[in-house]
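Student: So that you have it, the file is data-v4.cif, and it contains mmCIF, C-alpha atoms:
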```cif
data_upload
loop_
_atom_site.label_atom_id
_atom_site.label_comp_id
_atom_site.auth_asym_id
_atom_site.auth_seq_id
_atom_site.Cartn_x
_atom_site.Cartn_y
_atom_site.Cartn_z
CA MET O 5 -4.17 -20.82 -8.73
CA THR O 6 -3.88 -23.68 -6.23
CA GLU O 7 -0.53 -24.96 -4.99
CA THR O 8 -0.62 -27.51 -7.84
CA GLN O 9 -1.28 -24.73 -10.41
CA ALA O 10 -4.91 -25.80 -10.90
CA PRO O 11 -7.46 -23.01 -11.39
CA ALA O 12 -9.32 -21.99 -8.22
CA ARG O 13 -12.99 -22.97 -8.07
CA GLY O 14 -15.79 -21.27 -6.20
CA PRO O 15 -15.51 -18.06 -4.15
CA VAL O 16 -12.00 -16.71 -3.57
CA TRP O 17 -11.23 -14.99 -0.27
CA VAL O 18 -8.58 -12.28 -0.31
CA GLU O 19 -6.91 -10.98 2.86
CA LEU O 20 -5.12 -7.63 2.84
CA LYS O 21 -3.30 -6.15 5.82
CA GLU O 22 -1.38 -2.87 5.54
CA CYS O 23 1.38 -1.78 7.91
CA TYR O 24 2.66 1.70 7.12
CA SER O 25 3.26 3.16 10.60
CA MET O 26 5.78 1.91 13.13
CA ALA O 27 2.89 1.10 15.46
CA ASP O 28 1.32 -1.18 12.83
CA ILE O 29 4.65 -2.94 12.26
CA LEU O 30 5.30 -3.45 15.98
CA LEU O 31 1.81 -4.73 16.73
CA SER O 32 2.13 -7.17 13.82
CA ASN O 33 5.33 -8.56 15.38
CA LEU O 34 7.44 -7.67 12.36
CA SER O 35 11.01 -6.44 12.02
CA THR O 36 13.09 -4.99 9.17
CA VAL O 37 16.12 -7.25 8.83
CA SER O 38 17.08 -9.03 5.61
CA ASP O 39 17.93 -12.71 5.21
CA ASN O 40 21.64 -11.79 5.27
CA ASN O 41 21.27 -9.58 8.37
CA ASP O 42 21.24 -6.21 6.61
CA LEU O 43 19.21 -3.56 8.42
CA LEU O 44 16.40 -2.31 6.20
CA GLU O 45 14.52 0.96 6.07
CA THR O 46 10.90 0.24 5.24
CA GLY O 47 8.45 2.24 3.17
CA GLY O 48 5.54 0.00 4.15
CA ILE O 49 4.72 -3.67 4.64
CA VAL O 50 1.60 -5.45 3.36
CA LEU O 51 0.17 -8.93 3.69
CA ILE O 52 -1.70 -10.28 0.65
CA GLN O 53 -3.20 -13.77 0.87
CA ALA O 54 -5.89 -15.60 -1.08
CA SER O 55 -7.72 -18.87 -0.49
CA ALA O 56 -10.52 -20.95 -1.99
CA GLN O 57 -12.35 -23.84 -0.31
CA GLY O 58 -9.99 -23.50 2.64
CA GLN O 59 -6.87 -23.98 0.51
CA PRO O 60 -4.22 -21.26 0.01
CA LEU O 61 -3.80 -19.86 -3.48
CA ARG O 62 -0.77 -18.53 -5.29
CA VAL O 63 -0.15 -16.30 -8.30
CA ALA O 64 -0.36 -18.23 -11.55
CA GLU O 65 2.99 -19.14 -13.06
CA GLY O 66 4.21 -16.39 -15.36
CA GLN O 67 1.73 -13.86 -13.94
CA THR O 68 2.22 -11.03 -11.43
CA ILE O 69 0.18 -8.73 -9.24
CA GLN O 70 0.83 -4.99 -8.97
CA ILE O 71 1.79 -3.55 -5.60
CA ASP O 72 1.13 0.17 -5.20
CA MET O 73 2.66 1.55 -1.99
CA PRO O 74 1.82 5.12 -0.88
CA ALA O 75 4.70 7.16 0.50
CA PRO O 76 4.75 10.53 2.30
CA ARG O 77 8.09 11.21 0.63
CA ARG O 78 9.83 9.18 -2.01
CA GLN O 79 13.29 7.74 -1.37
CA SER O 80 15.64 6.27 -3.96
CA GLY O 81 16.74 2.67 -3.93
CA MET O 82 13.49 1.17 -2.69
CA ARG O 83 12.78 -2.42 -3.75
CA LEU O 84 10.25 -5.14 -2.98
CA SER O 85 11.12 -7.95 -0.57
CA PHE O 86 9.31 -11.15 0.38
CA GLY O 87 8.99 -12.30 3.99
CA ARG O 88 10.51 -15.74 4.53
CA GLY O 89 10.09 -17.88 7.64
CA ASP O 90 7.68 -17.98 10.56
CA ARG O 91 6.27 -14.61 11.65
CA ARG O 92 6.16 -15.79 15.26
CA LYS O 93 9.93 -16.13 15.06
CA HIS O 94 10.19 -12.97 12.93
CA LEU O 95 10.34 -12.94 9.16
CA ARG O 96 13.54 -12.31 7.26
CA TRP O 97 13.24 -10.32 4.06
CA VAL O 98 14.45 -11.64 0.70
CA ALA O 99 14.74 -9.06 -2.09
CA LEU O 100 12.50 -9.81 -5.09
CA THR O 101 13.69 -6.80 -7.10
CA PRO O 102 17.29 -6.20 -5.94
CA ASP O 103 18.33 -4.22 -8.98
CA ALA O 104 15.02 -2.65 -9.90
CA GLU O 105 13.99 0.89 -9.17
CA PRO O 106 10.23 1.45 -9.37
CA ALA O 107 9.12 3.98 -11.92
CA GLU O 108 8.74 7.54 -10.68
CA GLU O 109 5.03 8.34 -10.50
CA LYS O 110 4.05 11.74 -9.15
CA PHE O 111 0.67 13.28 -9.72
CA TYR O 112 -1.96 15.53 -8.19
CA THR O 113 -5.53 14.64 -7.36
CA GLU O 114 -6.87 18.15 -6.66
CA PRO O 115 -4.73 20.74 -8.46
CA GLU O 116 -5.76 24.36 -8.60
CA LYS O 117 -7.26 23.71 -12.06
CA MET O 118 -8.45 20.26 -13.10
CA PRO O 119 -7.89 18.84 -16.60
CA ALA O 120 -10.74 19.24 -19.08
CA TYR O 121 -11.76 17.75 -22.40
CA GLY O 122 -13.51 20.03 -24.89
CA LYS O 123 -16.34 22.02 -23.35
CA GLY O 124 -17.08 19.41 -20.70
CA PRO O 125 -18.70 15.99 -20.18
CA ALA O 126 -21.09 16.46 -23.11
CA ASP O 127 -18.17 16.30 -25.55
CA ILE O 128 -17.13 12.92 -24.19
CA ASN O 129 -20.79 11.79 -24.32
CA LYS O 130 -20.74 12.30 -28.07
CA LEU O 131 -17.90 9.81 -28.47
CA ILE O 132 -19.36 6.94 -26.43
CA ARG O 133 -21.49 4.30 -28.16
CA TYR O 134 -23.65 1.75 -26.38
CA PRO O 135 -22.10 -1.67 -27.23
CA LYS O 136 -24.36 -4.01 -29.19
CA GLN O 137 -23.76 -6.86 -26.75
CA ALA O 138 -24.82 -4.65 -23.83
CA ILE O 139 -27.98 -3.64 -25.68
CA ALA O 140 -28.83 -7.26 -26.44
CA LYS O 141 -28.45 -8.19 -22.77
CA GLN O 142 -29.97 -4.92 -21.48
CA THR O 143 -26.80 -4.33 -19.47
CA GLN O 144 -26.74 -1.00 -17.66
CA GLY O 145 -25.01 0.70 -14.77
CA LEU O 146 -22.00 2.82 -13.87
CA VAL O 147 -18.49 2.22 -15.19
CA PHE O 148 -15.62 3.90 -13.33
CA ALA O 149 -12.25 4.44 -15.03
CA SER O 150 -9.11 5.88 -13.48
CA PHE O 151 -6.38 7.53 -15.54
CA VAL O 152 -3.73 10.23 -15.44
CA VAL O 153 -3.78 13.31 -17.65
CA ASP O 154 -0.15 14.35 -18.11
CA GLU O 155 1.39 17.76 -18.80
CA ALA O 156 0.77 17.39 -22.56
CA GLY O 157 -2.91 16.47 -22.17
CA ARG O 158 -2.31 12.78 -22.88
CA VAL O 159 -4.32 10.04 -21.16
CA VAL O 160 -1.90 7.73 -19.37
CA ASN O 161 -2.59 4.27 -17.92
CA PRO O 162 -6.39 4.20 -18.24
CA LYS O 163 -7.94 1.27 -16.37
CA ILE O 164 -11.35 0.21 -15.14
CA VAL O 165 -11.90 0.61 -11.40
CA ARG O 166 -15.38 -0.87 -11.55
CA GLY O 167 -17.04 -2.26 -14.65
CA ILE O 168 -20.29 -3.85 -15.79
CA GLY O 169 -19.01 -5.93 -18.72
CA ASP O 170 -20.63 -6.71 -22.08
CA GLY O 171 -18.31 -4.28 -23.88
CA CYS O 172 -19.11 -1.20 -21.77
CA ASP O 173 -15.75 -1.24 -19.98
CA GLU O 174 -13.86 -1.57 -23.26
CA GLU O 175 -15.91 1.24 -24.81
CA LEU O 176 -14.95 3.68 -22.07
CA LEU O 177 -11.28 2.73 -22.40
CA ARG O 178 -11.52 3.19 -26.19
CA VAL O 179 -12.88 6.69 -25.80
CA LEU O 180 -10.26 7.67 -23.24
CA ARG O 181 -7.51 6.49 -25.59
CA GLN O 182 -9.17 8.35 -28.46
CA THR O 183 -9.14 11.61 -26.50
CA SER O 184 -5.50 11.25 -25.46
CA GLY O 185 -3.53 14.34 -26.39
CA SER O 186 -6.64 16.51 -26.63
CA TRP O 187 -7.16 17.23 -22.93
CA LYS O 188 -6.32 20.57 -21.37
CA PRO O 189 -3.82 19.62 -18.66
CA GLY O 190 -4.33 20.43 -15.00
CA LEU O 191 -2.53 23.43 -13.57
CA GLN O 192 -0.78 23.99 -10.26
CA ALA O 193 0.75 27.43 -9.62
CA GLY O 194 0.27 28.13 -13.33
CA LYS O 195 2.28 25.09 -14.38
CA ALA O 196 0.94 22.01 -16.17
CA VAL O 197 1.10 18.92 -13.93
CA LYS O 198 0.08 15.27 -13.98
CA VAL O 199 -3.38 14.74 -12.49
CA LYS O 200 -5.02 11.45 -11.55
CA MET O 201 -8.75 11.33 -12.21
CA VAL O 202 -11.67 8.93 -11.83
CA LEU O 203 -14.37 9.24 -14.50
CA PRO O 204 -17.83 7.70 -13.93
CA VAL O 205 -19.97 6.90 -16.99
CA ARG O 206 -23.55 5.64 -16.78
CA PHE O 207 -24.83 3.25 -19.43
CA ALA O 208 -28.62 3.55 -19.15
CA PHE O 209 -30.67 1.03 -21.15
CA HIS O 210 -34.13 1.83 -22.51
CA ALA O 211 -36.33 0.09 -25.04
CA GLY O 212 -35.49 2.52 -27.84
CA LEU O 213 -31.89 1.34 -27.86
CA ALA O 214 -32.93 -1.83 -29.69
CA SER O 215 -33.42 0.26 -32.84
CA ALA O 216 -30.82 2.91 -32.05
CA LEU O 217 -27.58 1.02 -31.46
CA ASP O 218 -25.52 4.18 -31.65
CA SER O 219 -27.15 5.91 -28.69
CA ALA O 220 -24.68 7.47 -26.31
CA ALA O 221 -24.07 6.73 -22.68
CA THR O 222 -24.36 9.42 -20.05
CA ILE O 223 -21.51 10.77 -17.94
CA GLU O 224 -22.21 11.43 -14.30
CA THR O 225 -21.04 14.70 -12.78
CA THR O 226 -18.48 14.61 -10.01
CA SER O 227 -21.01 15.37 -7.27
CA ASP O 228 -23.55 12.85 -8.54
CA SER O 229 -20.89 10.18 -8.91
CA THR O 230 -19.84 10.68 -5.32
CA GLN O 231 -23.43 10.14 -4.22
CA GLU O 232 -23.70 7.07 -6.45
CA LEU O 233 -20.56 5.64 -4.91
CA ALA O 234 -22.09 5.94 -1.48
CA THR O 235 -25.47 4.48 -2.36
CA GLU O 236 -23.99 1.53 -4.27
CA GLU O 237 -21.48 0.75 -1.48
CA MET O 238 -18.50 1.40 -3.73
CA PRO O 239 -15.11 1.49 -2.03
CA PRO O 240 -14.01 5.04 -1.13
CA ALA O 241 -12.18 7.04 -3.75
CA GLU O 242 -8.44 7.37 -3.48
CA PRO O 243 -7.44 9.89 -0.80
CA SER O 244 -7.25 13.51 -1.82
CA PHE O 245 -4.01 15.30 -1.07
CA LYS O 246 -5.31 18.85 -1.54
CA ALA O 247 -2.99 19.68 -4.42
CA GLU O 248 0.01 18.14 -2.74
CA PRO O 249 2.00 15.78 -5.00
CA THR O 250 1.54 12.12 -4.08
CA ASP O 251 4.32 9.57 -4.34
CA ARG O 252 3.99 5.90 -5.07
CA TYR O 253 6.24 2.89 -5.10
CA LEU O 254 5.05 0.62 -7.91
CA PHE O 255 6.16 -3.01 -8.04
CA SER O 256 5.12 -6.29 -9.60
CA SER O 257 5.18 -9.49 -7.56
CA GLY O 258 4.78 -13.12 -8.50
CA LYS O 259 4.34 -14.05 -4.83
CA LEU O 260 1.61 -13.69 -2.22
CA GLY O 261 2.39 -13.27 1.47
CA TRP O 262 4.22 -10.59 3.43
CA LEU O 263 5.76 -8.00 1.09
CA ASN O 264 8.04 -5.18 2.19
CA CYS O 265 8.93 -2.00 0.30
CA ASP O 266 12.44 -1.44 1.64
CA ARG O 267 16.05 -0.48 1.04
CA VAL O 268 19.27 -1.35 2.84
CA TRP O 269 20.01 1.21 5.55
CA HIS O 270 23.66 2.24 5.42
CA ALA O 271 24.72 4.00 8.63
CA THR O 272 27.83 5.44 6.97
CA GLY O 273 30.86 5.87 9.18
CA ASN O 274 29.30 4.29 12.25
CA PRO O 275 31.06 1.32 13.85
CA ALA O 276 29.04 -1.72 14.90
CA THR O 277 28.15 -2.27 18.54
CA ASP O 278 26.22 -4.70 20.75
CA LEU O 279 23.44 -3.87 23.16
CA MET O 280 21.75 -6.00 25.81
CA ALA O 281 18.29 -5.13 27.13
CA THR O 282 17.82 -6.79 30.51
CA ALA O 283 14.39 -8.39 30.94
CA ASP O 284 12.90 -11.76 31.71
CA THR O 285 12.90 -13.91 28.60
CA ASP O 286 9.66 -15.77 28.01
CA PRO O 287 7.47 -16.63 25.01
CA GLY O 288 5.07 -13.79 25.80
CA THR O 289 7.72 -11.06 25.57
CA SER O 290 9.20 -9.29 22.54
CA VAL O 291 11.83 -6.55 22.66
CA TYR O 292 12.57 -4.20 19.76
CA LEU O 293 15.13 -1.53 18.95
CA VAL O 294 13.62 1.25 16.84
CA PHE O 295 16.02 3.74 15.27
CA LYS O 296 14.87 7.36 15.14
CA GLU O 297 16.92 8.26 12.08
CA ALA O 298 15.35 5.66 9.80
CA LYS O 299 12.19 3.57 9.73
CA THR O 300 14.21 0.57 10.87
CA LEU O 301 13.21 -1.93 13.54
CA VAL O 302 15.35 -4.77 14.95
CA THR O 303 14.13 -7.63 17.13
CA GLY O 304 16.18 -8.60 20.18
CA GLN O 305 17.33 -12.20 20.41
CA PRO O 306 16.67 -13.88 23.80
CA GLU O 307 19.84 -14.77 25.68
CA GLU O 308 20.70 -15.34 29.30
CA GLY O 309 19.89 -12.14 31.14
CA GLY O 310 17.83 -10.46 28.46
CA TYR O 311 17.55 -9.64 24.77
CA ALA O 312 20.64 -9.04 22.65
CA PHE O 313 21.09 -6.74 19.65
CA ARG O 314 24.27 -7.67 17.79
CA ASN O 315 26.20 -5.57 15.28
CA VAL O 316 23.88 -2.58 15.23
CA PRO O 317 25.16 0.88 14.23
CA ALA O 318 26.74 2.81 17.12
CA ASN O 319 26.01 6.43 18.03
CA LYS O 320 22.41 6.31 16.86
CA ARG O 321 19.38 7.56 18.80
CA ALA O 322 16.93 4.75 19.32
CA VAL O 323 14.08 3.51 21.49
CA LEU O 324 14.01 0.16 23.23
CA ILE O 325 10.45 -1.17 23.32
CA GLY O 326 9.34 -4.21 25.27
CA ILE O 327 5.86 -5.69 24.85
CA ARG O 328 4.69 -8.51 27.09
CA TYR O 329 1.37 -10.29 27.51
CA GLN O 330 0.40 -12.01 30.76
CA ASN O 331 -3.04 -13.62 30.85
CA ASP O 332 -3.93 -11.50 27.82
CA VAL O 333 -3.04 -8.31 29.71
CA PRO O 334 -0.44 -6.14 27.91
CA PHE O 335 2.65 -4.74 29.63
CA VAL O 336 4.99 -2.23 28.01
CA ALA O 337 8.47 -0.83 28.58
CA LEU O 338 9.95 2.14 26.69
CA HIS O 339 13.51 3.38 27.11
CA GLU O 340 15.35 5.90 24.94
CA THR O 341 19.02 5.20 24.36
CA MET O 342 22.07 6.03 22.29
CA THR O 343 23.59 2.89 20.82
CA GLY O 344 27.15 2.27 21.93
CA ARG O 345 26.90 4.49 25.02
CA HIS O 346 26.01 1.62 27.37
CA ALA O 347 26.48 -2.11 26.86
CA THR O 348 23.37 -2.88 28.93
CA GLU O 349 20.04 -1.12 29.36
CA THR O 350 17.35 -2.12 31.84
CA LEU O 351 13.71 -2.36 30.82
CA ALA O 352 10.97 -1.70 33.39
CA PHE O 353 7.57 -3.08 32.35
CA ARG O 354 4.26 -1.63 33.49
CA GLU O 355 0.72 -2.77 32.94
CA THR O 356 -1.24 -0.97 30.25
CA THR O 357 -4.27 -1.36 28.01
CA LEU O 358 -4.43 -2.12 24.30
CA ASP O 359 -5.77 1.37 23.59
CA GLU O 360 -3.00 3.04 25.56
CA LEU O 361 -0.40 0.75 23.99
CA GLU O 362 -1.55 1.75 20.51
CA ARG O 363 -1.46 5.45 21.44
CA MET O 364 2.05 5.13 22.82
CA LEU O 365 3.33 3.33 19.74
CA ALA O 366 1.58 5.80 17.42
CA LYS O 367 3.88 8.54 18.76
CA LEU O 368 6.90 6.76 17.29
CA LYS O 369 7.97 8.42 14.05
#
```
Could you write out this structure as structure tokens?
Tutor:
Amino acid sequence: MTETQAPARGPVWVELKECYSMADILLSNLSTVSDNNDLLETGGIVLIQASAQGQPLRVAEGQTIQIDMPAPRRQSGMRLSFGRGDRRKHLRWVALTPDAEPAEEKFYTEPEKMPAYGKGPADINKLIRYPKQAIAKQTQGLVFASFVVDEAGRVVNPKIVRGIGDGCDEELLRVLRQTSGSWKPGLQAGKAVKVKMVLPVRFAFHAGLASALDSAATIETTSDSTQELATEEMPPAEPSFKAEPTDRYLFSSGKLGWLNCDRVWHATGNPATDLMATADTDPGTSVYLVFKEAKTLVTGQPEEGGYAFRNVPANKRAVLIGIRYQNDVPFVALHETMTGRHATETLAFRETTLDELERMLAKLK
């Protein structure tokens, strides 16, 4: 929708930027501090924007978009926050779901034994009927559906990843719901587990369908579907974790813009302290304090003599990082410290390259 809640017309352009590593967050000039100055531990930050005819769009009133954040390990208390302010002056995060805990969603993508229905794809073929509307319009092609088979063999959250319309998408969803509870669940170490799957089904039109409206569609095999994905320039399948459980943070958002999966970082028992990083203050310089214990990043505020960090937890291992650009040439300064040990730390900048800068920042965990 437009800013005046009018429907968008013409092509819609969607921008997505994902920042999951500390290097991505630093190079995007972001920090993890809330609007009331709480330090936040982030599980990932994304930018989602949409526009049509050069005008920004927003989510329609009363509607939401789903945010699905991957996580190497799940942590309790995570919420979704919205970035408020000017990114050049560093966004402050406002919690959109302060009391909500996203639903736990753990599943495998390649367990030791995959789920199965009946004797194989042929048994699902028997259930699928070519929709009359698709026959009338001679609609054909591949429909991809994703779903989870749970420990009881039920089909959970089936949805179309790529469809062709004219009733074909709905037919595949109908069949998946019909088979729910009749799947053999996937196994890992002999135990039934949730498994996320992507099922490709080909609806192939031929002239005989006009007099045989109940003809079945054809299911592609896994290997063939992978080849079809490549030849039809489909987006890559979701990453495989080689039978390792994957975690997700699932949220709904009524806003577009910068969105942060975060939680308040409580450095229990640690007094607050101040730290000054001495460096020339100029518009081309940013100085950050990155804590090693948590994925938390604070931006220094320019003051006389350098960049100040006020009321940060004491006795925490951290890295001071300075990034400066002069005539488009990057300079970097890195200095490890223990907060509260010294009131002032000196930053020494050296010239670098963008490639080297990215490699240096990528080492931050």
Student: Rounded to one decimal, what separation in Å do you get between atom CA of O:Asp127 and atom CA of O:Trp187?
Tutor: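 Separation between atom CA of O:Asp127 and atom CA of O:Trp187: 11.4 Å.
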Student: Find, counting all atoms listed in the file, the residue in O:Pro119, O:Gly169, O:Pro162, O:Gly261 that gets nearest to O:Tyr134.
Tutor: O:Gly169
Student: Using all atoms listed in the file, which residue out of O:Val153, O:Phe148, O:Val16, O:Val50 lies closest to O:Gly87?
Tutor: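 For O:Gly87, the nearest of the given residues is O:Val50.
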Student: Can you list what the PyMOL selection byres ((chain O and resi 45) around 6) grabs from this structure, as an MDAnalysis selection string?
Tutor: chainID O and resid 44 46 266:267 269 299:300
Student: In Å, rounded to a single decimal, give me how far atom CA of O:Glu7 is from atom CA of O:Gly58.
Tutor: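 Rounded to one decimal, the two atoms are 12.2 Å apart.
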Student: Starting from the displayed file, determine the output of the PyMOL selection byres ((chain O and resi 365) around 9) and express the residue list as a PDB file with C-alpha atoms, keeping the file's coordinate frame.
Tutor:
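Produced file selection_37.pdb, reproduced below:
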```pdb
ATOM      1  CA  MET O  26       5.780   1.910  13.130  1.00  0.00           C
ATOM      2  CA  ALA O  27       2.890   1.100  15.460  1.00  0.00           C
ATOM      3  CA  ASP O  28       1.320  -1.180  12.830  1.00  0.00           C
ATOM      4  CA  LEU O  30       5.300  -3.450  15.980  1.00  0.00           C
ATOM      5  CA  LEU O  31       1.810  -4.730  16.730  1.00  0.00           C
ATOM      6  CA  GLU O 360      -3.000   3.040  25.560  1.00  0.00           C
ATOM      7  CA  LEU O 361      -0.400   0.750  23.990  1.00  0.00           C
ATOM      8  CA  GLU O 362      -1.550   1.750  20.510  1.00  0.00           C
ATOM      9  CA  ARG O 363      -1.460   5.450  21.440  1.00  0.00           C
ATOM     10  CA  MET O 364       2.050   5.130  22.820  1.00  0.00           C
ATOM     11  CA  ALA O 366       1.580   5.800  17.420  1.00  0.00           C
ATOM     12  CA  LYS O 367       3.880   8.540  18.760  1.00  0.00           C
ATOM     13  CA  LEU O 368       6.900   6.760  17.290  1.00  0.00           C
ATOM     14  CA  LYS O 369       7.970   8.420  14.050  1.00  0.00           C
TER      15      LYS O 369
END
```
Student: Neighbourhood query: residues within 8 Å of (-5.1, 8.9, -12.5), file coordinates, counting all atoms listed in the file; return as JSON, numbers by chain.
Tutor: {"O": [111, 113, 150, 151, 152, 153, 160, 161, 162, 199, 200, 201, 202]}
Student: For a test of reading the model, state the distance in Å between atom CA of O:Asn264 and atom CA of O:Thr6, rounded to one decimal.
Tutor: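 Value for the atom CA of O:Asn264-atom CA of O:Thr6 distance: 23.6 Å.
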Student: Determine the residue set returned by the PyMOL selection byres ((chain O and resi 308) around 12) for the present structure, and present it as a ChimeraX atom specification.
Tutor: /O:280-286,305-307,309-312
Student: From the list O:Ala126, O:Val333, O:Ala208, O:Val316, which residue is nearest O:Gln142 when using all atoms listed in the file?
Tutor: O:Ala208
